[in-house]
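Colleague: Quick one: this structure, given as structure tokens, is what I'll be asking you about.
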Amino acid sequence: MDDELARLWPAFGLRVTCGPLVMRPLRDSDFPEVLAVVHAGIHAPDLMPFSFPWSDARGAEMDRQFVQYHWRARAELAPERWQLDLGVWRDGRFVGVQGVSTRDFPVTRTGETGSWLGQEFHGQGTGTLMRQAMCVLCLDHLGFAEVTSGAFADNPASQAVSRKVGYRPNGEQRFARKGEVAVMRSLVLAPEDLVRPPYDVEVVGAEAFLELVQPRAT
Ligand SMILES: CC(C)(COP(=O)(O)OP(=O)(O)OC[C@H]1O[C@@H](n2cnc3c(N)ncnc32)[C@H](O)[C@@H]1OP(=O)(O)O)[C@@H](O)C(=O)NCCC(=O)NCCS
């Protein structure tokens with residue numbers, strides 16, 4: 001996407017292509033399409049896969065909280081703490097988001113992946129493919145030494161994706177989820193364990209993105 005906005009905000013120039021998937025940061029003009037998928041449902045109403053239960057919001061509250069979350073992530077992006085949420089399009093249709101977040105990256109070289117798909121797009125291998133593509137981006141292009149993930153014990157799909165991509169168990173924590181205890185299973189992926197996707201991963205704009213999160217000379 002060669003445009004003026006990507007020159008001003010280099011994250012917008014990042015683009016990952018993997019077989020049927022195109023992954024790139026969300027722009028404001030994407031929000032209506034993205035929110036239509038969010039409102040159609042991401043998971044069964046009696047489940048809560050996220051440590052912050054953002055998907056419980058409804059209607060206009062969801063719209064505002066969702067766009068504010070993405071604006072905040074852009075506004076607060078800094079070398080000490082950043083997150084990168086890539087919208088995922090499969091065969092041209094928006095299906096979900098694959099993200100990674102990190103703290104003190106120049107030192108730690110680690111970050112945690114998180115993702116969601118519209119419910120109608122579950123169970124078609126997309127969750128696995130987009131995680132593989134994100135791990136290739138992190139490990140091959142952004143200089144990560146490892147990638148972590150976490151999934152509640154009652155989220156077998158997320159755990160299955162992690163296992164298929166090569167993450168290993170890395171302990172458990174008791175977590176307060178909507179006022180009740182829930183076990184969060186931590187996972188860690190070492191570069192040599194990455195199970196690569198069955199397609200080439202093409203990455204454009206990684207260097208410009210990295211410059212955005214480089215420590216500034218003082
Ligand atoms: C987690 C998520 C992204 C996975 O995406 P997906 O496209 O459905 O996953 P895939 O189709 O790639 O399937 C991955 C594996 O999970 C397995 N799986 C799915 N549901 C399962 C279940 N209930 N029990 C056991 N395994 C399950 C699949 O069988 C598949 O393994 P296989 O290929 O060996 O059969 C998707 O389910 C989702 O968006 N869930 C709601 C949000 C969420 O949980 N986000 C993660 C928070 S940590």
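Just so we're on the same page: first chain in the structure tokens is A, next is B, and so on; residues restart at 1 for each chain, and ligands are numbered from 1 in the order they show up.
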Write out as a compact mmCIF listing (two decimals) with N, CA and C atoms, in the first residue's frame the residues lying within 8 Å of segment 118-120 of chain A, counting only C-alpha atoms and excluding same-chain residues fewer than 6 positions away.
Modeller:
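Ended up saving to around03.txt:
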```
# COMPACT_ATOMS: atom_id res chain seq x y z
N VAL A 37 -18.18 -7.73 11.63
CA VAL A 37 -17.77 -9.09 12.01
C VAL A 37 -17.79 -9.24 13.53
N VAL A 38 -17.33 -8.22 14.24
CA VAL A 38 -17.33 -8.26 15.71
C VAL A 38 -18.77 -8.42 16.22
N ALA A 40 -21.31 -9.64 14.74
CA ALA A 40 -21.89 -10.94 14.38
C ALA A 40 -21.46 -12.03 15.37
N GLY A 41 -20.39 -11.74 16.16
CA GLY A 41 -19.98 -12.69 17.21
C GLY A 41 -18.62 -13.30 16.96
N ILE A 42 -17.84 -13.36 18.04
CA ILE A 42 -16.47 -13.89 17.97
C ILE A 42 -16.38 -15.23 18.69
N HIS A 43 -17.25 -15.42 19.66
CA HIS A 43 -17.23 -16.67 20.43
C HIS A 43 -18.62 -16.88 21.02
N VAL A 95 -11.74 -11.29 8.13
CA VAL A 95 -12.15 -12.42 8.98
C VAL A 95 -11.78 -12.23 10.45
N GLY A 96 -10.75 -11.41 10.77
CA GLY A 96 -10.36 -11.29 12.18
C GLY A 96 -9.08 -10.49 12.34
```
Colleague: Check which residues fall inside 6 Å of ligand 1 when counting only C-alpha atoms and all ligand atoms, and print them as a list in words.
Modeller: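 So the residues close to ligand 1 are Ile42, His43, Pro49, Phe50, Gly114, Ser115, Trp116, Leu117, His122, Gly123, Gln124, Gly125, Thr126, Gly127, Thr128, Gly150, Ala151, Pro156, Ala157, Ser158, Ala160 and Val161 of chain A.
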Colleague: Take the residues from that selection and put them in a file with N, CA and C atoms, as a PDB file, in the first residue's frame.
Modeller:
```pdb
ATOM      1  N   ILE A  42     -17.837 -13.364  18.042  1.00  0.00           N
ATOM      2  CA  ILE A  42     -16.468 -13.885  17.971  1.00  0.00           C
ATOM      3  C   ILE A  42     -16.380 -15.233  18.687  1.00  0.00           C
ATOM      4  N   HIS A  43     -17.245 -15.416  19.664  1.00  0.00           N
ATOM      5  CA  HIS A  43     -17.233 -16.675  20.430  1.00  0.00           C
ATOM      6  C   HIS A  43     -18.616 -16.883  21.024  1.00  0.00           C
ATOM      7  N   PRO A  49     -12.872 -15.845  26.167  1.00  0.00           N
ATOM      8  CA  PRO A  49     -11.493 -16.244  25.886  1.00  0.00           C
ATOM      9  C   PRO A  49     -10.452 -15.171  26.212  1.00  0.00           C
ATOM     10  N   PHE A  50     -10.913 -13.916  26.443  1.00  0.00           N
ATOM     11  CA  PHE A  50      -9.954 -12.816  26.600  1.00  0.00           C
ATOM     12  C   PHE A  50      -9.741 -12.462  28.070  1.00  0.00           C
ATOM     13  N   GLY A 114      -1.906 -12.586  20.266  1.00  0.00           N
ATOM     14  CA  GLY A 114      -3.320 -12.693  20.630  1.00  0.00           C
ATOM     15  C   GLY A 114      -4.135 -12.568  19.351  1.00  0.00           C
ATOM     16  N   SER A 115      -5.305 -13.185  19.308  1.00  0.00           N
ATOM     17  CA  SER A 115      -6.046 -13.160  18.041  1.00  0.00           C
ATOM     18  C   SER A 115      -7.527 -13.431  18.248  1.00  0.00           C
ATOM     19  N   TRP A 116      -8.297 -13.091  17.255  1.00  0.00           N
ATOM     20  CA  TRP A 116      -9.702 -13.502  17.210  1.00  0.00           C
ATOM     21  C   TRP A 116     -10.161 -13.567  15.756  1.00  0.00           C
ATOM     22  N   LEU A 117     -11.155 -14.418  15.539  1.00  0.00           N
ATOM     23  CA  LEU A 117     -11.802 -14.546  14.223  1.00  0.00           C
ATOM     24  C   LEU A 117     -13.306 -14.447  14.425  1.00  0.00           C
ATOM     25  N   HIS A 122     -14.411 -19.632  12.075  1.00  0.00           N
ATOM     26  CA  HIS A 122     -13.658 -20.593  12.887  1.00  0.00           C
ATOM     27  C   HIS A 122     -13.596 -21.953  12.180  1.00  0.00           C
ATOM     28  N   GLY A 123     -12.594 -22.737  12.560  1.00  0.00           N
ATOM     29  CA  GLY A 123     -12.547 -24.137  12.153  1.00  0.00           C
ATOM     30  C   GLY A 123     -12.202 -24.370  10.699  1.00  0.00           C
ATOM     31  N   GLN A 124     -11.563 -23.370  10.055  1.00  0.00           N
ATOM     32  CA  GLN A 124     -11.180 -23.549   8.642  1.00  0.00           C
ATOM     33  C   GLN A 124      -9.674 -23.429   8.465  1.00  0.00           C
ATOM     34  N   GLY A 125      -8.953 -23.525   9.572  1.00  0.00           N
ATOM     35  CA  GLY A 125      -7.490 -23.460   9.505  1.00  0.00           C
ATOM     36  C   GLY A 125      -6.931 -22.049   9.479  1.00  0.00           C
ATOM     37  N   THR A 126      -7.819 -21.033   9.498  1.00  0.00           N
ATOM     38  CA  THR A 126      -7.340 -19.645   9.396  1.00  0.00           C
ATOM     39  C   THR A 126      -6.584 -19.212  10.649  1.00  0.00           C
ATOM     40  N   GLY A 127      -7.076 -19.637  11.825  1.00  0.00           N
ATOM     41  CA  GLY A 127      -6.414 -19.262  13.078  1.00  0.00           C
ATOM     42  C   GLY A 127      -4.975 -19.759  13.109  1.00  0.00           C
ATOM     43  N   THR A 128      -4.770 -20.959  12.625  1.00  0.00           N
ATOM     44  CA  THR A 128      -3.415 -21.530  12.585  1.00  0.00           C
ATOM     45  C   THR A 128      -2.552 -20.764  11.578  1.00  0.00           C
ATOM     46  N   GLY A 150      -0.943 -17.100  25.542  1.00  0.00           N
ATOM     47  CA  GLY A 150      -1.631 -17.592  26.728  1.00  0.00           C
ATOM     48  C   GLY A 150      -3.067 -17.898  26.361  1.00  0.00           C
ATOM     49  N   ALA A 151      -3.594 -18.972  26.912  1.00  0.00           N
ATOM     50  CA  ALA A 151      -4.993 -19.324  26.624  1.00  0.00           C
ATOM     51  C   ALA A 151      -5.611 -19.908  27.882  1.00  0.00           C
ATOM     52  N   PRO A 156      -9.891 -24.679  24.088  1.00  0.00           N
ATOM     53  CA  PRO A 156      -9.086 -25.703  23.401  1.00  0.00           C
ATOM     54  C   PRO A 156      -8.650 -25.288  21.999  1.00  0.00           C
ATOM     55  N   ALA A 157      -9.426 -24.444  21.325  1.00  0.00           N
ATOM     56  CA  ALA A 157      -9.059 -24.056  19.956  1.00  0.00           C
ATOM     57  C   ALA A 157      -7.758 -23.253  19.971  1.00  0.00           C
ATOM     58  N   SER A 158      -7.661 -22.284  20.881  1.00  0.00           N
ATOM     59  CA  SER A 158      -6.449 -21.468  20.951  1.00  0.00           C
ATOM     60  C   SER A 158      -5.243 -22.326  21.345  1.00  0.00           C
ATOM     61  N   ALA A 160      -4.896 -25.476  20.770  1.00  0.00           N
ATOM     62  CA  ALA A 160      -4.570 -26.338  19.629  1.00  0.00           C
ATOM     63  C   ALA A 160      -3.759 -25.568  18.591  1.00  0.00           C
ATOM     64  N   VAL A 161      -4.143 -24.305  18.343  1.00  0.00           N
ATOM     65  CA  VAL A 161      -3.381 -23.484  17.391  1.00  0.00           C
ATOM     66  C   VAL A 161      -1.933 -23.364  17.881  1.00  0.00           C
TER      67      VAL A 161
END
```
Colleague: Determine the nearest neighbour of Ala176 of chain A from the options A:Phe144, A:Pro53, A:Arg103, A:Leu212, counting only C-alpha atoms.
Modeller: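 Once distances to Ala176 of chain A are computed over only C-alpha atoms, the minimum belongs to A:Pro53.
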Colleague: With a distance cut-off of 9 Å and only C-alpha atoms, select the neighbouring residues of Val204 of chain A, excluding the residue or stretch itself and same-chain residues fewer than 3 positions from it, and output the selection as a ChimeraX atom specification.
Modeller: /A:13-17,207
Colleague: What's around Asp46 of chain A at 12 Å? Count only C-alpha atoms, leave out sequence neighbours fewer than 6 positions away in its own chain, and write the answer as a PDB file with N, CA, C and O atoms, in the first residue's frame.
Modeller:
```pdb
ATOM      1  N   PRO A  53     -12.377  -8.693  29.265  1.00  0.00           N
ATOM      2  CA  PRO A  53     -13.587  -9.190  28.567  1.00  0.00           C
ATOM      3  C   PRO A  53     -14.231  -8.161  27.627  1.00  0.00           C
ATOM      4  O   PRO A  53     -15.412  -7.854  27.720  1.00  0.00           O
ATOM      5  N   SER A  55     -15.097  -8.340  24.602  1.00  0.00           N
ATOM      6  CA  SER A  55     -16.103  -8.820  23.646  1.00  0.00           C
ATOM      7  C   SER A  55     -17.497  -8.921  24.260  1.00  0.00           C
ATOM      8  O   SER A  55     -18.451  -9.254  23.549  1.00  0.00           O
ATOM      9  N   ASP A  56     -17.639  -8.607  25.556  1.00  0.00           N
ATOM     10  CA  ASP A  56     -18.972  -8.588  26.172  1.00  0.00           C
ATOM     11  C   ASP A  56     -19.748  -7.318  25.820  1.00  0.00           C
ATOM     12  O   ASP A  56     -20.958  -7.272  25.986  1.00  0.00           O
ATOM     13  N   ASP A 154     -10.186 -23.420  29.296  1.00  0.00           N
ATOM     14  CA  ASP A 154     -11.418 -23.788  28.581  1.00  0.00           C
ATOM     15  C   ASP A 154     -11.449 -23.208  27.155  1.00  0.00           C
ATOM     16  O   ASP A 154     -12.525 -22.986  26.597  1.00  0.00           O
ATOM     17  N   LYS A 178     -13.857 -12.172  35.133  1.00  0.00           N
ATOM     18  CA  LYS A 178     -15.230 -11.779  35.449  1.00  0.00           C
ATOM     19  C   LYS A 178     -15.602 -12.239  36.869  1.00  0.00           C
ATOM     20  O   LYS A 178     -16.655 -12.834  37.085  1.00  0.00           O
TER      21      LYS A 178
END
```
Colleague: Compare A:Arg74, A:Arg163, A:Arg168, A:Arg196 by their minimum atom-to-atom distance to Gln132 of chain A, counting only C-alpha atoms, and give me the closest one.
Modeller: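 Of A:Arg74, A:Arg163, A:Arg168, A:Arg196, the one nearest Gln132 of chain A, counting only C-alpha atoms, is A:Arg196.
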Colleague: Can you work out which one of A:Ala133, A:Ala44, A:Cys138, A:Ala217 has the shortest atom-to-atom distance to Tyr199 of chain A, counting only C-alpha atoms?
Modeller: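 Of all the options, A:Ala133 lies closest to Tyr199 of chain A.
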Colleague: If you run DSSP on the backbone here, which positions in segment 38-195 of chain A get helix (DSSP H, G or I)? Please write them as an NGL selection string.
Modeller: :A and (38-40 or 54-56 or 59-75 or 105-108 or 119-121 or 126-141 or 156-165 or 191-193)
Colleague: How would the residues just chosen look if you wrote them out with C-alpha atoms as a CSV table (one decimal), in the first residue's frame?
Modeller:
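File selection34.csv, as written:
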```csv
chain,number,residue,atom,x,y,z
A,38,VAL,CA,-17.3,-8.3,15.7
A,39,HIS,CA,-21.1,-7.7,16.2
A,40,ALA,CA,-21.9,-10.9,14.4
A,54,TRP,CA,-13.9,-6.6,25.8
A,55,SER,CA,-16.1,-8.8,23.6
A,56,ASP,CA,-19.0,-8.6,26.2
A,59,GLY,CA,-24.0,-2.0,20.2
A,60,ALA,CA,-22.6,1.6,20.2
A,61,GLU,CA,-20.5,0.8,23.4
A,62,MET,CA,-18.6,-1.9,21.5
A,63,ASP,CA,-18.1,0.5,18.5
A,64,ARG,CA,-16.6,3.2,20.6
A,65,GLN,CA,-14.5,0.9,22.8
A,66,PHE,CA,-13.2,-0.9,19.8
A,67,VAL,CA,-12.1,2.1,17.8
A,68,GLN,CA,-10.6,3.8,20.9
A,69,TYR,CA,-8.6,0.6,21.6
A,70,HIS,CA,-7.0,0.8,18.2
A,71,TRP,CA,-6.5,4.6,18.3
A,72,ARG,CA,-4.9,4.2,21.7
A,73,ALA,CA,-2.6,1.5,20.5
A,74,ARG,CA,-1.3,3.8,17.7
A,75,ALA,CA,-1.1,6.8,20.0
A,105,PHE,CA,11.4,-5.0,23.2
A,106,PRO,CA,15.0,-3.7,22.5
A,107,VAL,CA,16.1,-5.6,25.6
A,108,THR,CA,13.6,-8.5,26.0
A,119,GLN,CA,-17.3,-17.1,14.6
A,120,GLU,CA,-18.4,-18.0,11.1
A,121,PHE,CA,-14.7,-18.2,10.1
A,126,THR,CA,-7.3,-19.6,9.4
A,127,GLY,CA,-6.4,-19.3,13.1
A,128,THR,CA,-3.4,-21.5,12.6
A,129,LEU,CA,-2.3,-19.9,9.3
A,130,MET,CA,-2.5,-16.3,10.6
A,131,ARG,CA,-0.6,-17.2,13.8
A,132,GLN,CA,2.1,-18.9,11.7
A,133,ALA,CA,2.3,-15.8,9.5
A,134,MET,CA,2.6,-13.6,12.6
A,135,CYS,CA,5.3,-15.8,14.0
A,136,VAL,CA,7.3,-15.6,10.8
A,137,LEU,CA,7.0,-11.8,10.8
A,138,CYS,CA,8.2,-11.7,14.4
A,139,LEU,CA,11.0,-14.2,14.3
A,140,ASP,CA,12.3,-13.6,10.7
A,141,HIS,CA,11.7,-9.9,10.2
A,156,PRO,CA,-9.1,-25.7,23.4
A,157,ALA,CA,-9.1,-24.1,20.0
A,158,SER,CA,-6.4,-21.5,21.0
A,159,GLN,CA,-4.3,-24.1,22.7
A,160,ALA,CA,-4.6,-26.3,19.6
A,161,VAL,CA,-3.4,-23.5,17.4
A,162,SER,CA,-0.4,-22.9,19.7
A,163,ARG,CA,0.5,-26.5,19.8
A,164,LYS,CA,0.3,-26.8,16.0
A,165,VAL,CA,2.5,-23.8,15.5
A,191,PRO,CA,12.5,-20.0,16.7
A,192,GLU,CA,13.7,-23.5,16.0
A,193,ASP,CA,10.3,-25.0,17.0
```
Colleague: Check the smallest atom-to-atom distance from each of A:Thr148, A:Thr110, A:Asp3, A:Thr102 to Ala78 of chain A using only C-alpha atoms, then report the winner.
Modeller: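 The closest residue to Ala78 of chain A is A:Thr102.
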Colleague: From the set A:Trp89, A:Trp82, A:Trp9, A:Phe152, which residue has the shortest atom-to-atom contact distance to Glu172 of chain A, counting only C-alpha atoms?
Modeller: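 Ranking A:Trp89, A:Trp82, A:Trp9, A:Phe152 by distance to Glu172 of chain A, first place goes to A:Phe152.
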Colleague: From the list A:Gln173, A:Leu47, A:Pro25, A:Glu33, which residue is nearest Val100 of chain A when using only C-alpha atoms?
Modeller: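 Selected residue with least distance to Val100 of chain A: A:Pro25.
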